[in-house]
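> Dropping the structure in here first, questions after.
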Amino acid sequence: MKKGSMMAGAEQHGRVEDGSHEAGQIALTPQEVTACCQQLVARGEGDQAVSLAIQIAQGTQDVALILAAGLFLVRFTPRHEVVIAVFRKALLLMPEAEPAMASMRGEVKIFLAGALMVAGEREEAMALFMDVARTLPEHRVLVGEHLSMALLEAGLADQAEQVLLAWLADGPPSVSLYNNMGCALGRLNRSRDALAYYRRGMELSSRHEAVSFGYAIALLKAGEYEEGFARYVRRVPRIPSLNCWFYQDLPRLTNDVPLEGRHLLFYQEQGLGDTIQFIRFLPEIVRRAGRVTLAVLPSLARLLRESYPMVQVCLITELLDHPERVAEYDFSCPIPDLPYLCHLRHVADIPAFSPYLEVPVRRREHFARLVEQAVAQGGRAGGRSPAGRRLRVGLVWAGDSRSSAQDVAADRRRSSSFAEMMEALGPVEADLFSLQYGDRRGELEPVEGQGAVVHDLMGHVQDMADTAALMESLDLVISVDTAPLHLAGALGREVWLVSRWDACWRWGDEGDRTPWYPTMRIFRAQELSLAPVLKDVAVSLRRRIAEG
């Protein structure tokens, strides 16, 4: 969507109010609304940014300000009802009778339709999309781009593919249409088919960041690691602010730089699971470099200090406040670039596995005692004989909470709920332990009263180092695709992945095993709901229990 053209049109056809009623007497232009909200996001204050955008949209009658707020909310809030209300309000304030406004009204309808589609209001969404395509032929490509993306975000990749086939067969070529087709095929676990569409998109725009990144992901999912990682490292890092000094003022490390005598700064990027997966390559870098510093989030700091005592580990928040330290380092690099730096070219090049995260004996013994106590108390409460040790199974049913609309949509595809997981597993002759972290841990309480017995020791867990120690006393971890899954794999624990239907690139298009974690077994969903695949997990769990 050409957001700039929509905003320019709004400003031409309506006076921009000063925004004083909705912004605490501070005059705001649409550009300032966008900049202010984005700055709040960069500072980690996403909730305040969303609240400000909603307040502005509610308090003004100026179309330009409403659209500025709406375009921000499309990206940064999963509250589709709010986005829908904002764009409906903008349409009501845009005169239908004015021909010069028709094009901009069409663009607003496209955004409204996209929000309706993701919110489940598909009939109204399709009616709006088709109305714009019929009445405004100049927007046909935009309709195809947004309709297909809305279907993708709603989890309907097969329908998105059909729409894209029709649009590509009857219309001018579009970078975004090719990109969306690549994305659709990737989510349908047809990564090699996706590559051709990404290539066509890059032929139209070789510097298009989204297409290049999508192509990299498709290559990686297809197992083409040499070209995949070479393209993957071209991405703009996903960090809270690109203005941080270690990104702006230090050169990014590449795999052709001599490392001897260098001081390298590797920093946390993307999720905790990415760091856990790729940190296994760190020892090779340490052997070649002079000094290495890791800048990570608090939840990983202690685990990495204990596992890699040869490097300095600090908090990424501590670095942000000390730009004068730039002189200490020669290069910086996001941690997920490590496979590229270590020249990983083929799946077969992944180093032979051995557990690469350390758990101190004292902490392991502490959590072993807690586990034994929980099992003993559970046995007494349930009238179970203490004789015979049952299988001990850790459960993770949801990923970490996200803030952006795109990340929330992805999390909905990968996460289950405690109730859904327990309903699928049913009564099992095993001792179950929650490994759930974050807000979703609260789902335990209402279900426990209905008879589900799951021990929760996460109140004793401060960070991933403690989670690792707890896992060492369990026999099996069953998890959706989130950080504890990687932690179990890195520790060499037996772990079962409950994978969403559009599997992450690292698990490939098919199969129940992965070269990244030999102790992992993959259960792949075949539809949006995880309920059916969880039943498959339950069958295998009972078989595993029977085998002893």
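In the structure tokens, chains take letters A, B, ... by order of appearance, with residues numbered from 1 within each chain and ligands from 1 in the order shown.
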Extract, using only C-alpha atoms, all DNA, RNA and protein residues at most 7 Å from Ala125 (chain A), discarding same-chain residues fewer than 3 positions from it, and format them as a list in words.

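Skipping anything fewer than 3 positions along the chain leaves Ala113, Gly114, Leu116, Met117, Glu121, Arg122, Leu128 and Phe129 of chain A.
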
> Contacts of Leu265 (chain A) at 9 Å or less, counting only C-alpha atoms, minus same-chain residues fewer than 3 places along, as a list in words?

Phe246, Arg291, Val292, Thr293, Leu294, Ala295, Tyr329, Asp330, Phe331, Ser332, Cys333 and Pro334 of chain A

> I need the residue nearest Arg440 (chain A) from this list: A:Glu161, A:Asp400, A:Glu547, A:Glu45. Use only C-alpha atoms for the distance.

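Comparing A:Glu161, A:Asp400, A:Glu547, A:Glu45 against Arg440 (chain A), the winner is A:Asp400.
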
> Quick one: DSSP alpha helix (DSSP H) residues in region 436-529 of chain A, as a PyMOL selection string?

chain A and resi 444-448+464-471+483-491

> Could you list, as a PyMOL selection string, every residue within 12 Å of Met310 (chain A), counting only C-alpha atoms and ignoring same-chain residues fewer than 5 positions away?

chain A and resi 282-287+289-294+304-305

> Show which residues sit within 8 Å of Ala430 (chain A), as a list in words. Count only C-alpha atoms, and ignore same-chain residues fewer than 6 positions away.

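The residues that qualify are Arg390, Leu391, Arg392, Val393 and Ile545 of chain A.
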
> Compare A:Ala409, A:Thr467, A:Glu124, A:Asp170 by their minimum atom-to-atom distance to Leu156 (chain A), counting only C-alpha atoms, and give me the closest one.

A:Ala409

> Using only C-alpha atoms, determine which residues lie at most 9 Å from Val326 (chain A), disregarding the query and same-chain residues fewer than 2 positions distant; provide the list as an NGL selection string.

:A and (245-246 or 249-250 or 322-324 or 328-330)

> Just the residues within 12 Å of Glu372 (chain A), please, counting only C-alpha atoms, with nothing from its chain fewer than 5 positions along; format it as number ranges by chain.

A: 365-367, 377-379, 386, 389-390, 392, 431, 433, 455, 457, 470, 473-474

> Counting only C-alpha atoms, what is within 12 Å of Ala169 (chain A), bar same-chain residues fewer than 5 positions away, as a ChimeraX atom specification?

/A:141,144,162-164,174,177-178

> Could the residues in this selection be saved with N, CA, C and O atoms as a short mmCIF file (atom, residue, chain, number, x, y, z; two decimals), in the first residue's frame?


data_model
loop_
_atom_site.label_atom_id
_atom_site.label_comp_id
_atom_site.auth_asym_id
_atom_site.auth_seq_id
_atom_site.Cartn_x
_atom_site.Cartn_y
_atom_site.Cartn_z
N VAL A 141 -4.15 -4.00 -8.35
CA VAL A 141 -2.96 -4.63 -7.81
C VAL A 141 -2.93 -4.48 -6.28
O VAL A 141 -2.62 -5.44 -5.56
N GLY A 144 -5.20 -7.00 -4.75
CA GLY A 144 -4.60 -8.33 -4.73
C GLY A 144 -3.55 -8.48 -3.65
O GLY A 144 -3.48 -9.51 -2.97
N GLN A 162 -4.75 -19.21 -4.31
CA GLN A 162 -5.72 -19.16 -5.41
C GLN A 162 -5.96 -17.71 -5.86
O GLN A 162 -6.04 -17.42 -7.06
N VAL A 163 -6.07 -16.80 -4.90
CA VAL A 163 -6.24 -15.38 -5.25
C VAL A 163 -5.04 -14.88 -6.04
O VAL A 163 -5.17 -14.21 -7.07
N LEU A 164 -3.86 -15.23 -5.58
CA LEU A 164 -2.64 -14.75 -6.23
C LEU A 164 -2.47 -15.33 -7.62
O LEU A 164 -2.02 -14.64 -8.54
N SER A 174 3.78 -7.49 -10.16
CA SER A 174 3.92 -6.71 -8.93
C SER A 174 4.88 -7.42 -8.00
O SER A 174 4.77 -8.63 -7.77
N LEU A 177 2.93 -8.92 -5.10
CA LEU A 177 2.18 -10.12 -5.44
C LEU A 177 3.10 -11.34 -5.51
O LEU A 177 2.76 -12.42 -5.01
N TYR A 178 4.26 -11.18 -6.12
CA TYR A 178 5.22 -12.29 -6.17
C TYR A 178 5.70 -12.64 -4.76
O TYR A 178 5.85 -13.81 -4.41
#

> For each of A:Glu123, A:Gln58, A:Thr34, A:Val396, take the minimum atom-to-atom distance to Met458 (chain A), counting only C-alpha atoms, then give the residue where this is smallest.

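Closest residue, counting only C-alpha atoms: A:Val396.
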
> With distances taken over only C-alpha atoms, which of A:Val359, A:Leu188, A:Val313, A:Leu92 is nearest to Asp502 (chain A)?

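Selected residue with least distance to Asp502 (chain A): A:Leu188.
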